[in-house]
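Colleague: Following this line is structure19.txt, made up of compact mmCIF, C-alpha atoms and all ligand atoms:
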```txt
# COMPACT_ATOMS: atom_id res chain seq x y z
CA MET N 1 -170.25 10.66 69.06
CA ILE N 2 -168.27 7.49 69.38
CA ASP N 3 -169.48 4.02 70.30
CA SER N 4 -167.38 2.72 73.21
CA THR N 5 -169.71 -0.15 74.14
CA LYS N 6 -167.62 -2.87 72.47
CA SER N 7 -164.44 -1.60 74.08
CA GLU N 8 -162.16 -3.33 76.59
CA LEU N 9 -161.01 0.19 77.32
CA GLY N 10 -164.10 0.59 79.52
CA ALA N 11 -163.73 3.57 81.85
CA LEU N 12 -160.30 4.19 80.36
CA TRP N 13 -162.06 5.54 77.28
CA ASN N 14 -163.47 8.38 79.44
CA ILE N 15 -159.92 9.08 80.55
CA VAL N 16 -158.77 9.15 76.93
CA THR N 17 -161.43 11.70 76.01
CA LEU N 18 -160.44 13.86 79.00
CA LEU N 19 -156.70 13.67 78.36
CA ALA N 20 -157.19 14.27 74.62
CA ASP N 21 -156.87 18.02 75.33
CA GLY N 22 -153.15 17.51 76.06
CA GLU N 23 -153.48 19.32 79.42
CA PHE N 24 -152.48 17.96 82.85
CA HIS N 25 -155.31 16.38 84.87
CA SER N 26 -154.95 15.56 88.53
CA GLY N 27 -154.71 12.01 89.84
CA GLU N 28 -157.72 12.79 92.00
CA ASP N 29 -159.90 13.72 89.00
CA LEU N 30 -158.76 10.69 87.03
CA GLY N 31 -159.26 8.41 90.05
CA GLY N 32 -162.82 9.76 90.33
CA ILE N 33 -163.55 8.78 86.72
CA LEU N 34 -161.97 5.35 87.12
CA GLY N 35 -163.60 4.76 90.50
CA VAL N 36 -160.23 4.07 92.16
CA SER N 37 -158.05 5.82 94.72
CA ARG N 38 -155.46 8.37 93.66
CA ALA N 39 -152.72 5.87 94.55
CA ALA N 40 -154.15 3.27 92.17
CA VAL N 41 -154.54 5.64 89.21
CA TRP N 42 -151.09 5.06 87.68
CA LYS N 43 -151.57 1.28 87.61
CA HIS N 44 -154.78 1.76 85.62
CA LEU N 45 -153.32 4.39 83.33
CA GLN N 46 -150.43 2.09 82.43
CA LYS N 47 -152.98 -0.10 80.65
CA LEU N 48 -153.23 2.65 78.05
CA GLU N 49 -149.72 1.79 76.88
CA ARG N 50 -151.10 -1.46 75.50
CA PHE N 51 -153.32 0.66 73.26
CA GLY N 52 -150.36 2.68 72.01
CA VAL N 53 -151.02 5.81 74.06
CA GLY N 54 -148.02 7.37 75.79
CA LEU N 55 -148.67 9.27 79.04
CA SER N 56 -146.45 11.54 81.02
CA SER N 57 -146.80 12.69 84.61
CA ALA N 58 -145.45 15.58 86.67
CA LYS N 59 -145.41 15.83 90.43
CA GLY N 60 -148.18 18.09 91.69
CA ARG N 61 -149.71 18.49 88.22
CA GLY N 62 -151.02 15.04 87.35
CA TYR N 63 -151.03 13.23 84.04
CA ARG N 64 -151.23 14.24 80.43
CA ILE N 65 -150.96 12.96 76.86
CA GLN N 66 -148.28 15.18 75.43
CA GLY N 67 -149.58 16.90 72.31
CA GLY N 68 -153.10 15.62 73.01
CA LEU N 69 -155.16 13.41 70.73
CA ASP N 70 -157.25 14.34 67.71
CA LEU N 71 -160.26 12.08 68.30
CA LEU N 72 -162.74 10.93 65.68
CA ASP N 73 -166.36 11.96 65.94
CA ALA N 74 -169.11 10.39 63.81
CA GLU N 75 -171.19 13.59 63.68
CA LYS N 76 -168.23 15.70 62.58
CA ILE N 77 -167.28 13.20 59.90
CA LYS N 78 -170.88 13.12 58.61
CA GLY N 79 -170.99 16.93 58.67
CA ASN N 80 -167.83 17.08 56.55
CA LEU N 81 -169.03 14.59 53.93
CA THR N 82 -170.06 15.90 50.54
CA SER N 83 -171.43 12.53 49.45
CA LYS N 84 -175.22 12.56 49.29
CA GLU N 85 -175.52 8.77 49.45
CA ASP N 86 -177.68 7.31 52.19
CA LEU N 87 -174.97 5.92 54.47
CA ASP N 88 -174.89 4.33 57.88
CA LEU N 89 -171.67 5.57 59.53
CA ARG N 90 -170.41 4.47 62.94
CA VAL N 91 -167.23 5.18 64.84
CA PHE N 92 -166.11 2.75 67.55
CA ALA N 93 -163.55 3.31 70.28
CA GLN N 94 -162.32 -0.25 69.71
CA LEU N 95 -163.05 -3.17 67.43
CA ASP N 96 -161.15 -6.32 66.55
CA SER N 97 -161.07 -5.11 62.95
CA THR N 98 -163.37 -2.77 61.03
CA ASN N 99 -163.34 -5.24 58.12
CA SER N 100 -164.24 -8.16 60.40
CA PHE N 101 -167.03 -6.08 61.95
CA LEU N 102 -168.66 -5.44 58.56
CA MET N 103 -168.05 -9.02 57.38
CA ARG N 104 -170.13 -10.17 60.37
CA GLU N 105 -173.06 -7.95 59.35
CA GLN N 106 -176.01 -9.60 57.58
CA ASN N 107 -175.99 -6.87 54.97
CA PRO N 108 -172.91 -4.64 55.12
CA SER N 109 -173.83 -2.68 52.01
CA ARG N 110 -173.54 1.10 52.44
CA LYS N 111 -172.33 0.70 56.00
CA ILE N 112 -169.21 2.57 57.03
CA CYS N 113 -167.29 1.73 60.10
CA LEU N 114 -164.27 3.39 61.67
CA ALA N 115 -162.43 2.48 64.84
CA GLU N 116 -159.96 4.35 67.02
CA PHE N 117 -158.22 1.09 67.90
CA GLN N 118 -158.15 -2.35 66.28
CA SER N 119 -157.13 -5.23 68.54
CA ALA N 120 -156.81 -7.58 65.54
CA GLY N 121 -156.28 -5.30 62.55
CA ARG N 122 -155.70 -7.39 59.45
CA GLY N 123 -153.48 -6.78 56.43
CA ARG N 124 -153.19 -8.71 53.19
CA ARG N 125 -151.66 -12.18 53.11
CA GLY N 126 -152.53 -12.85 56.76
CA ARG N 127 -150.41 -10.01 58.08
CA VAL N 128 -151.24 -7.97 61.17
CA TRP N 129 -152.14 -4.31 60.64
CA VAL N 130 -150.69 -2.44 63.60
CA SER N 131 -153.48 -0.15 64.84
CA PRO N 132 -152.57 2.07 67.81
CA LEU N 133 -155.32 4.16 69.43
CA ALA N 134 -156.43 7.48 67.94
CA GLN N 135 -153.44 7.94 65.66
CA ASN N 136 -154.36 6.61 62.25
CA ILE N 137 -157.44 5.93 60.15
CA TYR N 138 -158.95 2.46 60.10
CA CYS N 139 -162.03 2.55 57.91
CA SER N 140 -164.18 -0.04 56.16
CA ILE N 141 -167.08 0.38 53.75
CA GLY N 142 -169.51 -2.30 52.59
CA TRP N 143 -170.87 -2.24 49.03
CA GLU N 144 -173.03 -4.54 46.94
CA PHE N 145 -172.05 -5.52 43.41
CA ASP N 146 -173.84 -7.57 40.81
CA GLY N 147 -171.88 -9.51 38.24
CA GLY N 148 -169.63 -11.69 40.36
CA VAL N 149 -166.09 -11.37 41.60
CA ALA N 150 -164.51 -11.37 38.11
CA ALA N 151 -165.94 -7.89 37.49
CA LEU N 152 -164.15 -6.70 40.62
CA GLU N 153 -160.61 -7.49 39.49
CA GLY N 154 -159.51 -3.86 39.24
CA LEU N 155 -161.50 -2.58 42.21
CA SER N 156 -158.58 -2.72 44.62
CA LEU N 157 -156.48 -0.67 42.19
CA ALA N 158 -159.29 1.87 41.80
CA ILE N 159 -159.49 2.11 45.60
CA GLY N 160 -155.76 2.92 45.56
CA VAL N 161 -156.64 5.86 43.32
CA ALA N 162 -159.25 7.01 45.88
CA VAL N 163 -156.64 6.89 48.66
CA ALA N 164 -154.08 8.76 46.50
CA ARG N 165 -156.69 11.45 45.75
CA THR N 166 -157.36 11.81 49.48
CA LEU N 167 -153.67 12.19 50.23
CA GLN N 168 -153.44 14.86 47.55
CA ILE N 169 -156.25 16.79 49.28
CA ALA N 170 -154.30 16.43 52.54
CA GLY N 171 -151.20 17.90 50.88
CA VAL N 172 -149.10 14.92 49.73
CA ASN N 173 -148.78 14.80 45.94
CA ASP N 174 -145.97 12.34 45.34
CA VAL N 175 -147.66 9.14 46.40
CA THR N 176 -147.08 6.00 44.34
CA LEU N 177 -149.27 2.92 43.96
CA LYS N 178 -147.67 -0.52 44.05
CA TRP N 179 -149.65 -3.27 42.34
CA PRO N 180 -152.07 -4.45 43.43
CA ASN N 181 -152.86 -1.88 46.07
CA ASP N 182 -150.11 -0.59 48.34
CA VAL N 183 -149.94 3.16 48.78
CA LEU N 184 -146.33 4.29 49.12
CA HIS N 185 -144.32 7.43 49.65
CA GLN N 186 -140.70 7.12 48.59
CA ASN N 187 -141.04 3.33 48.79
CA LYS N 188 -142.37 3.45 52.36
CA LYS N 189 -145.86 2.23 53.09
CA LEU N 190 -148.32 5.01 53.87
CA ALA N 191 -151.61 3.14 53.49
CA GLY N 192 -152.91 -0.36 52.87
CA ILE N 193 -156.10 -1.73 51.34
CA LEU N 194 -157.84 -4.98 52.20
CA ILE N 195 -160.80 -6.03 50.06
CA GLU N 196 -162.92 -8.98 51.11
CA VAL N 197 -165.87 -10.46 49.26
CA MET N 198 -168.79 -12.59 50.37
CA GLY N 199 -171.91 -13.82 48.61
CA ASP N 200 -172.36 -15.36 45.19
CA PRO N 201 -168.99 -15.50 43.34
CA VAL N 202 -170.80 -15.32 39.98
CA GLY N 203 -173.75 -13.13 40.97
CA CYS N 204 -174.61 -10.64 43.67
CA CYS N 205 -171.82 -10.18 46.16
CA GLN N 206 -171.04 -7.98 49.11
CA VAL N 207 -167.65 -6.36 49.19
CA VAL N 208 -165.95 -4.93 52.27
CA VAL N 209 -163.29 -2.36 51.40
CA GLY N 210 -160.89 -1.66 54.28
CA VAL N 211 -158.34 1.13 54.27
CA GLY N 212 -155.67 1.75 56.86
CA LEU N 213 -153.87 5.09 56.60
CA ASN N 214 -150.89 5.95 58.80
CA VAL N 215 -151.52 9.46 60.08
CA ALA N 216 -149.85 10.39 63.36
CA MET N 217 -148.09 7.12 64.23
CA GLN N 218 -144.42 7.67 65.14
CA HIS N 219 -141.41 5.41 64.74
CA SER N 220 -140.37 6.06 68.34
CA GLN N 221 -143.56 4.32 69.55
CA ILE N 222 -143.97 1.50 67.04
CA ILE N 223 -141.40 -1.24 66.72
CA ASP N 224 -143.32 -4.20 65.36
CA ILE N 225 -143.91 -3.31 61.70
CA ASP N 226 -141.73 -5.47 59.47
CA GLN N 227 -141.57 -3.20 56.42
CA PRO N 228 -140.51 0.39 55.78
CA TRP N 229 -143.39 2.74 56.58
CA THR N 230 -144.21 6.38 56.92
CA ALA N 231 -147.11 8.50 58.18
CA LEU N 232 -149.01 11.44 56.73
CA ASN N 233 -148.37 13.99 59.49
CA SER N 234 -144.62 13.49 59.45
CA LEU N 235 -144.59 14.05 55.65
CA LEU N 236 -146.63 17.24 56.06
CA ALA N 237 -144.40 18.45 58.90
CA LYS N 238 -141.28 17.95 56.75
CA GLU N 239 -142.76 20.31 54.16
CA ALA N 240 -144.11 22.72 56.80
CA LYS N 241 -147.65 22.06 55.56
CA PRO N 242 -150.70 22.24 57.85
CA ILE N 243 -151.93 19.02 59.40
CA MET N 244 -155.48 18.01 58.52
CA GLU N 245 -157.84 17.16 61.38
CA ARG N 246 -158.63 13.44 61.28
CA ASN N 247 -162.38 14.07 61.02
CA TYR N 248 -161.81 16.02 57.77
CA LEU N 249 -159.36 13.45 56.54
CA ALA N 250 -161.76 10.58 57.25
CA ALA N 251 -164.59 12.45 55.47
CA ALA N 252 -162.38 13.15 52.43
CA MET N 253 -161.37 9.48 52.33
CA ILE N 254 -164.98 8.30 52.57
CA ASP N 255 -166.10 10.75 49.84
CA ASN N 256 -163.38 9.53 47.50
CA LEU N 257 -164.13 5.87 48.22
CA ILE N 258 -167.88 6.33 47.76
CA ALA N 259 -167.37 8.19 44.45
CA ILE N 260 -165.50 5.19 43.05
CA LEU N 261 -167.73 2.53 44.60
CA THR N 262 -170.85 4.25 43.23
CA ASP N 263 -169.61 4.31 39.63
CA TYR N 264 -167.51 1.19 39.52
CA HIS N 265 -170.23 -1.15 38.20
CA GLN N 266 -170.48 1.08 35.10
CA THR N 267 -166.90 2.25 34.61
CA GLY N 268 -164.89 -0.71 35.84
CA PHE N 269 -161.17 -0.07 36.32
CA ALA N 270 -160.80 1.37 32.78
CA ARG N 271 -161.91 4.81 33.99
CA TYR N 272 -159.07 4.92 36.57
CA HIS N 273 -156.42 3.22 34.46
CA SER N 274 -154.48 6.30 33.39
CA GLU N 275 -154.64 7.88 36.85
CA TRP N 276 -153.32 4.65 38.37
CA MET N 277 -150.54 4.40 35.77
CA GLN N 278 -149.41 7.98 36.45
CA LYS N 279 -148.71 6.89 40.00
CA ALA N 280 -147.42 3.38 39.28
CA ALA N 281 -144.46 2.39 41.44
CA TYR N 282 -141.62 0.50 39.69
CA PHE N 283 -143.00 1.20 36.19
CA GLY N 284 -140.37 0.08 33.66
CA ASP N 285 -138.25 -1.59 36.37
CA ARG N 286 -137.20 -5.21 36.51
CA VAL N 287 -139.32 -6.80 39.21
CA VAL N 288 -139.96 -10.18 40.72
CA LEU N 289 -143.45 -11.42 41.34
CA ARG N 290 -143.94 -13.98 44.09
CA ASN N 291 -146.83 -16.34 44.51
CA GLY N 292 -146.07 -18.70 47.38
CA GLN N 293 -142.90 -20.53 46.36
CA GLN N 294 -143.15 -19.48 42.70
CA THR N 295 -141.45 -16.40 41.31
CA VAL N 296 -141.54 -14.71 37.92
CA THR N 297 -139.04 -12.06 36.88
CA GLY N 298 -139.65 -9.46 34.20
CA ARG N 299 -139.96 -5.80 33.35
CA PHE N 300 -143.05 -4.14 34.77
CA SER N 301 -144.80 -2.77 31.69
CA GLY N 302 -148.06 -1.61 33.27
CA VAL N 303 -151.52 -2.88 34.15
CA SER N 304 -154.31 -3.96 31.79
CA SER N 305 -157.66 -2.17 31.50
CA THR N 306 -159.04 -4.68 34.02
CA GLY N 307 -156.19 -4.20 36.49
CA ALA N 308 -154.05 -7.27 35.71
CA LEU N 309 -150.28 -6.88 36.06
CA CYS N 310 -148.29 -6.98 32.81
CA LEU N 311 -144.71 -8.20 32.82
CA GLU N 312 -142.32 -8.54 29.89
CA THR N 313 -140.64 -11.83 30.63
CA ASP N 314 -138.25 -14.10 28.70
CA LEU N 315 -141.41 -15.87 27.44
CA GLY N 316 -142.93 -12.62 26.14
CA GLU N 317 -145.56 -10.37 27.75
CA GLN N 318 -147.47 -12.15 30.50
CA THR N 319 -150.40 -10.90 32.59
CA PHE N 320 -151.04 -11.78 36.22
CA HIS N 321 -154.23 -11.42 38.19
CA GLY N 322 -154.83 -10.45 41.84
CA GLY N 323 -154.64 -12.77 44.79
CA GLU N 324 -151.60 -13.58 46.78
CA LEU N 325 -149.00 -12.04 44.54
CA SER N 326 -146.43 -9.63 45.85
CA LEU N 327 -144.24 -7.38 43.81
CA ARG N 328 -140.64 -6.43 44.61
CA SER N 329 -138.40 -4.19 42.57
CA LEU N 330 -134.97 -5.62 41.65
CA SER N 331 -133.51 -2.17 40.95
C1 LIG Q 1 -152.36 -4.31 53.68
O1 LIG Q 1 -151.86 -5.36 54.08
O2 LIG Q 1 -151.71 -3.48 53.06
C2 LIG Q 1 -153.82 -4.03 53.92
C3 LIG Q 1 -154.05 -3.30 55.22
C4 LIG Q 1 -155.50 -2.96 55.46
C5 LIG Q 1 -155.73 -2.39 56.84
C6 LIG Q 1 -157.13 -1.91 57.02
S1 LIG Q 1 -157.35 -0.98 58.51
C7 LIG Q 1 -159.07 -1.00 58.26
C8 LIG Q 1 -159.42 -2.40 57.80
N1 LIG Q 1 -159.56 -3.28 58.94
C9 LIG Q 1 -158.63 -4.23 58.93
O3 LIG Q 1 -158.52 -5.11 59.81
N2 LIG Q 1 -157.84 -4.09 57.89
C10 LIG Q 1 -158.22 -2.97 57.06
```
Can the structure from this file be put into structure tokens for me?
Ligand code: BTN
Modeller:
Amino acid sequence: MIDSTKSELGALWNIVTLLADGEFHSGEDLGGILGVSRAAVWKHLQKLERFGVGLSSAKGRGYRIQGGLDLLDAEKIKGNLTSKEDLDLRVFAQLDSTNSFLMREQNPSRKICLAEFQSAGRGRRGRVWVSPLAQNIYCSIGWEFDGGVAALEGLSLAIGVAVARTLQIAGVNDVTLKWPNDVLHQNKKLAGILIEVMGDPVGCCQVVVGVGLNVAMQHSQIIDIDQPWTALNSLLAKEAKPIMERNYLAAAMIDNLIAILTDYHQTGFARYHSEWMQKAAYFGDRVVLRNGQQTVTGRFSGVSSTGALCLETDLGEQTFHGGELSLRSLS
């Protein structure tokens, strides 16, 4: 089941579900679903391009989505979960952003939201998160924490560990984590994490953890991402490994996220420190840290038990905390 009520896709969503099988469907059938004549079908179908779906047509056969689409299904995801937590999980055809959706909820705690398409997907530092339809995973989970935001310093790093564990289950072992929370494969971005907090900064707060994982997105279709990136299925294909159905992948991701969110108030980041360090990108390299106009250069010597970045600089070892910092290797 998927909630298509908030979707501008409208009747086009029914077309997407039909064409997801990768087979040809006649203009007449599609026109019937859209409530338009056969001649007007193509004009309507072209709108799908805006959502990142490529269609092909053949005279006398109709239209198809080559290769089909592996659509998300809330019931299948729930059925694949091993987590026994009481969770409210919804899958939408389209949202502005799964994080924004949960941030608008009165009480987002223990709510999970996925979307097939985000019209305003958000990355860190005000960036756009490119979110084509039915190709990747866009997932957000709300969780309540007591103890204020300071206790959450290492949470985004721990969430990186959850994503890396999920990728390992899917068949990719050589993922690296770039402080604070980029998930990379051979220096190309594979997943991103956006954590937002609301509530009392020194008491009870609600956290929304958003994860975007590139799954089936292809370079031939996407031109507007301004950093090197890669996607899970292309990595698996290169190694002739089987591709994981997105409903299993989403369930594995949610299980790994929930496992960390459930324990985090007791364990803090310390529990995940060594796992994070084993995957640390640029460890031992000379790096530059940017915060707005300011930069600091040093050797990346690791992260503290609370998740702060440690650099050996000309002034000695210095630690840096989350926020708007970005890390670039100089090697
Ligand atoms: C980054 O800049 O690396 C963070 C990207 C986070 C993207 C995810 S997709 C699901 C959730 N909804 C959003 O709008 N953003 C996060």
Colleague: Can you pull out the residues contacting N:Gly284? Cut-off 7 Å, using all atoms listed in the file, and skip same-chain residues under 2 positions away; I want them as a list of chain:residue names.
Modeller: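 Returned residues: N:Tyr282, N:Arg286, N:Arg299, N:Phe300, N:Ser301.
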Colleague: Counting only C-alpha atoms and all ligand atoms, which residues of chain N sit at most 6 Å from some atom of ligand LIG 1 (chain Q), and what is each one's closest atom pair with its distance in Å to one decimal, listed by chain and rising residue number, as a Markdown table?
Modeller:
```
| residue | atom | partner | partner_atom | distance |
| --- | --- | --- | --- | --- |
| N:Ser97 | CA | Q:LIG1 | O3 | 4.0 |
| N:Thr98 | CA | Q:LIG1 | N1 | 4.4 |
| N:Asn99 | CA | Q:LIG1 | N1 | 4.3 |
| N:Gly121 | CA | Q:LIG1 | O3 | 3.5 |
| N:Arg122 | CA | Q:LIG1 | O3 | 3.6 |
| N:Gly123 | CA | Q:LIG1 | O1 | 3.2 |
| N:Arg124 | CA | Q:LIG1 | O1 | 3.7 |
| N:Trp129 | CA | Q:LIG1 | C5 | 5.6 |
| N:Tyr138 | CA | Q:LIG1 | C7 | 3.9 |
| N:Cys139 | CA | Q:LIG1 | C7 | 4.6 |
| N:Ser140 | CA | Q:LIG1 | C8 | 5.6 |
| N:Asp182 | CA | Q:LIG1 | O2 | 5.8 |
| N:Gly192 | CA | Q:LIG1 | O2 | 3.3 |
| N:Ile193 | CA | Q:LIG1 | C2 | 4.1 |
| N:Leu194 | CA | Q:LIG1 | C2 | 4.5 |
| N:Gly210 | CA | Q:LIG1 | C8 | 3.9 |
| N:Val211 | CA | Q:LIG1 | C6 | 4.3 |
| N:Gly212 | CA | Q:LIG1 | S1 | 3.6 |
```
Colleague: Pick out the closest residue to N:Cys113 from this set: N:Gly154, N:Ala251, N:Ala216, N:Thr295. Count only C-alpha atoms.
Modeller: N:Ala251
Colleague: Measuring between all atoms listed in the file, which one of N:Ser100, N:Val53, N:Met253, N:Thr306 shows the shortest distance to N:Gln218?
Modeller: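 Nearest to N:Gln218: N:Val53.
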Colleague: Nearest to N:Lys279: which of N:Asp73, N:Glu239, N:Asp174, N:Asp146 is it, counting all atoms listed in the file?
Modeller: N:Asp174
Colleague: Write out as a ChimeraX atom specification each polymer residue whose atoms come within 10 Å of stretch 222-234 of chain N, counting all atoms listed in the file; drop sequence neighbours fewer than 5 positions from it.
Modeller: /N:52,127-132,135-136,167,170-172,184-191,213-217,239-244
Colleague: So which residues touch N:Leu95 within 9 Å, counting all atoms listed in the file, skipping near sequence neighbours fewer than 3 positions away, as a ChimeraX atom specification?
Modeller: /N:6-7,92,98,100-101,114-121
